[in-house]
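Data block for target_24.tsv (TSV, C-alpha atoms):
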```tsv
chain	number	residue	atom	x	y	z
A	63	MET	CA	131.06	73.29	145.05
A	64	LYS	CA	128.09	75.55	145.86
A	65	GLN	CA	129.85	78.57	144.34
A	66	HIS	CA	130.57	76.56	141.21
A	67	ARG	CA	126.86	75.65	140.84
A	68	GLU	CA	125.84	79.28	141.37
A	69	ALA	CA	128.33	80.41	138.73
A	70	ILE	CA	127.02	77.84	136.25
A	71	LEU	CA	123.42	78.83	137.01
A	72	PHE	CA	124.25	82.54	136.62
A	73	SER	CA	126.09	81.86	133.36
A	74	THR	CA	123.17	79.80	132.04
A	75	LEU	CA	120.64	82.47	132.98
A	76	LEU	CA	122.78	85.18	131.39
A	77	SER	CA	123.11	83.14	128.18
A	78	CYS	CA	119.36	82.59	128.06
A	79	LEU	CA	118.75	86.30	128.55
A	80	VAL	CA	121.16	87.21	125.74
A	81	LEU	CA	119.56	84.66	123.41
A	82	LEU	CA	116.06	85.79	124.30
A	83	CYS	CA	116.90	89.45	123.69
A	84	GLY	CA	118.55	88.57	120.41
A	85	PHE	CA	115.49	86.70	119.20
A	86	VAL	CA	113.12	89.47	120.30
A	87	GLY	CA	115.19	92.07	118.45
A	88	ARG	CA	115.23	89.96	115.27
A	89	GLY	CA	111.49	89.33	115.57
A	90	GLU	CA	110.74	93.05	115.77
A	91	ALA	CA	112.88	93.71	112.70
A	92	VAL	CA	111.16	90.92	110.79
A	93	GLY	CA	107.75	92.27	111.87
A	94	VAL	CA	108.56	95.78	110.68
A	95	ARG	CA	109.92	94.43	107.40
A	96	SER	CA	106.80	92.30	106.95
A	97	ILE	CA	104.48	95.29	107.48
A	98	ASP	CA	106.59	97.38	105.10
A	99	ASN	CA	106.37	94.66	102.43
A	100	SER	CA	102.61	94.40	102.92
A	101	VAL	CA	102.21	98.17	102.56
A	102	THR	CA	104.24	98.06	99.34
A	103	ARG	CA	102.12	95.20	98.01
A	104	HIS	CA	98.85	97.01	98.82
A	105	ILE	CA	100.08	100.26	97.26
A	106	ALA	CA	100.73	98.28	94.07
A	107	GLN	CA	97.23	96.80	94.35
A	108	LEU	CA	95.81	100.35	94.14
A	109	ARG	CA	96.66	100.09	90.42
A	110	ALA	CA	94.69	96.84	89.93
A	111	LYS	CA	92.23	96.58	87.08
A	112	GLU	CA	89.23	95.81	89.31
A	113	ALA	CA	87.78	98.61	91.45
A	114	GLN	CA	86.94	96.09	94.19
A	115	GLN	CA	90.63	95.17	94.51
A	116	ARG	CA	91.63	98.84	94.63
A	117	ALA	CA	88.97	99.51	97.29
A	118	ALA	CA	90.09	96.52	99.39
A	119	ALA	CA	93.69	97.74	99.19
A	120	ALA	CA	92.65	101.27	100.22
A	121	TYR	CA	90.70	99.89	103.16
A	122	TRP	CA	93.64	97.72	104.25
A	123	LEU	CA	96.07	100.64	104.01
A	124	GLY	CA	93.73	102.85	106.04
A	125	SER	CA	93.49	100.19	108.71
A	126	ARG	CA	97.27	100.40	109.17
A	127	GLY	CA	97.09	104.06	110.21
A	128	THR	CA	100.35	105.98	110.18
A	129	ALA	CA	102.27	102.85	109.09
A	130	ALA	CA	100.75	103.44	105.63
A	131	GLU	CA	101.69	107.12	105.29
A	132	ARG	CA	103.73	106.49	102.17
A	133	ALA	CA	100.53	105.34	100.43
A	134	ILE	CA	99.04	108.85	100.63
A	135	PRO	CA	100.04	110.00	97.10
A	136	ALA	CA	98.68	106.82	95.50
A	137	LEU	CA	95.46	107.08	97.50
A	138	VAL	CA	94.96	110.76	96.66
A	139	ASP	CA	95.13	109.86	92.97
A	140	LEU	CA	91.97	107.76	93.46
A	141	LEU	CA	89.85	110.33	95.33
A	142	GLY	CA	87.90	111.23	92.19
A	143	ASP	CA	87.09	107.64	91.19
A	144	GLN	CA	83.30	107.32	91.06
A	145	THR	CA	83.22	103.56	90.43
A	146	PRO	CA	80.63	101.92	92.72
A	147	ILE	CA	82.02	99.27	95.05
A	148	GLU	CA	80.56	96.63	97.35
A	149	VAL	CA	82.29	96.94	100.70
A	150	ALA	CA	80.75	93.70	101.97
A	151	LYS	CA	83.12	91.81	99.66
A	152	TYR	CA	86.17	92.80	101.74
A	153	ARG	CA	84.93	94.10	105.11
A	154	LYS	CA	81.92	94.24	107.38
A	155	PRO	CA	79.80	97.22	106.28
A	156	ASP	CA	78.68	99.73	108.89
A	157	THR	CA	75.39	101.66	108.86
A	158	PHE	CA	76.91	104.44	106.75
A	159	ASP	CA	77.63	101.87	104.04
A	160	ALA	CA	73.97	100.93	103.55
A	161	ARG	CA	74.13	102.78	100.24
A	162	LYS	CA	76.71	101.94	97.61
A	163	LEU	CA	80.01	103.67	98.13
A	164	THR	CA	82.37	104.80	95.43
A	165	LEU	CA	86.04	103.92	95.31
A	166	GLY	CA	86.84	107.60	95.94
A	167	GLU	CA	84.76	107.58	99.12
A	168	GLU	CA	86.53	104.44	100.39
A	169	VAL	CA	89.86	106.12	99.65
A	170	ALA	CA	88.79	109.26	101.54
A	171	SER	CA	87.98	107.10	104.55
A	172	ALA	CA	91.38	105.40	104.30
A	173	LEU	CA	93.12	108.79	104.26
A	174	VAL	CA	91.22	109.80	107.41
A	175	ASN	CA	92.35	106.59	109.10
A	176	ILE	CA	95.96	107.20	108.10
A	177	GLY	CA	95.65	110.47	110.00
A	178	LYS	CA	96.91	114.03	110.09
A	179	SER	CA	99.72	113.34	107.64
A	180	SER	CA	97.04	113.20	104.91
A	181	THR	CA	96.01	116.81	105.53
A	182	ASP	CA	98.37	118.59	103.10
A	183	ALA	CA	97.55	116.24	100.22
A	184	LEU	CA	93.83	116.61	100.89
A	185	ILE	CA	94.05	120.43	100.98
A	186	LYS	CA	96.00	120.41	97.71
A	187	THR	CA	93.33	118.18	96.12
A	188	LEU	CA	90.57	120.44	97.41
A	189	ILE	CA	92.25	123.51	95.91
A	190	THR	CA	93.63	122.16	92.63
A	191	SER	CA	91.68	119.12	91.45
A	192	PRO	CA	89.51	119.62	88.36
A	193	GLU	CA	87.36	116.64	89.47
A	194	PRO	CA	84.33	117.64	91.58
A	195	HIS	CA	84.09	114.15	93.15
A	196	ALA	CA	87.76	114.35	94.25
A	197	ARG	CA	87.19	117.78	95.80
A	198	GLU	CA	84.02	116.56	97.54
A	199	ASN	CA	85.83	113.53	98.99
A	200	ALA	CA	88.81	115.66	100.05
A	201	ALA	CA	86.49	118.12	101.81
A	202	TRP	CA	84.71	115.28	103.61
A	203	ALA	CA	88.02	113.73	104.69
A	204	LEU	CA	89.33	117.08	106.00
A	205	GLY	CA	86.12	117.53	108.01
A	206	ALA	CA	86.43	114.02	109.41
A	207	LEU	CA	90.06	114.63	110.37
A	208	HIS	CA	89.07	117.90	112.06
A	209	ARG	CA	86.28	116.16	114.03
A	210	ARG	CA	88.74	113.51	115.21
A	211	GLN	CA	91.07	116.18	116.57
A	212	LEU	CA	88.30	117.85	118.56
A	213	ILE	CA	87.27	114.68	120.37
```

In structure tokens, what does this structure look like?
Amino acid sequence: MKQHREAILFSTLLSCLVLLCGFVGRGEAVGVRSIDNSVTRHIAQLRAKEAQQRAAAAYWLGSRGTAAERAIPALVDLLGDQTPIEVAKYRKPDTFDARKLTLGEEVASALVNIGKSSTDALIKTLITSPEPHARENAAWALGALHRRQLI
């Protein structure tokens, strides 16, 4: 009788473990898919009519770090945008943001937050872009990436 109870208990525990692992695995897949869908949605938002919406999307993508690497080409296209934005409308401004930022500057910051994978696109912009503001923002972003690597 005692062996039978132990077998039932072991079987129950094993079943619970299998179920728990199955749910955890599905949850991780759903989480990854959810982040991927959000990145796709925010990349599309980079083409919005309003500069504030584009800036908010750039900020959000930058906050996702390497998970937003596929946004790099769309972000680089906005480096030269000189439209003034109000960061306080979508995030808490820091001391650097006391002056008005441009959309291109917000994008440069997002590319820095995405990380080293932005380097090649930033170098290409620095070398080939006919827009001075895009080159300036690319140079700033490359310097910021370099400073991050030294720390």

Step by step: start from the point (100.8, 97.1, 100.6) in the file's coordinates, keep every protein, DNA or RNA residue that has an atom no farther than 10 Å from it, count all atoms listed in the file, and write the set as a list in words.
-> Ser96, Ile97, Asp98, Asn99, Ser100, Val101, Thr102, Arg103, His104, Ile105, Ala106, Gln107, Leu108, Ala119, Ala120, Trp122, Leu123, Arg126, Ala130, Arg132 and Ala133 of chain A

Out of A:Val169, A:Ala129, A:Ala118, A:Ala136, which residue has the shortest atom-to-atom distance to Glu148 of chain A when counting all atoms listed in the file?
-> A:Ala118

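Compared by their closest atoms to Glu198 of chain A, and using all atoms listed in the file, the residues A:Gly124, A:Lys111, A:Gly166, A:Arg153 rank with A:Gly166 nearest.
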
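Shortest separation to Thr164 of chain A among A:Arg109, A:Ala203, A:Ala117, A:Thr181 occurs at residue A:Ala117, atoms counted being only C-alpha atoms.
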
Do a neighbour search on Arg197 of chain A at 10 Å with all atoms listed in the file, toss out local chain neighbours closer than 2 positions, and write the hits as a count of residues only.
-> 19

Residue nearest Lys154 of chain A among A:Ser180, A:Ile134, A:Tyr121, A:Gly127 (counting all atoms listed in the file) | A:Tyr121

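Atom pair atom CA of Ser171 of chain A / atom CA of Glu112 of chain A: separated by 19.0 Å.
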
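Going from atom CA of Leu207 of chain A to atom CA of Leu163 of chain A covers 19.3 Å.
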
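Residue nearest Lys162 of chain A within the list A:Thr145, A:Ser179, A:Ser125, A:Gln211: A:Thr145 [criterion: smallest interatomic distance, only C-alpha atoms].
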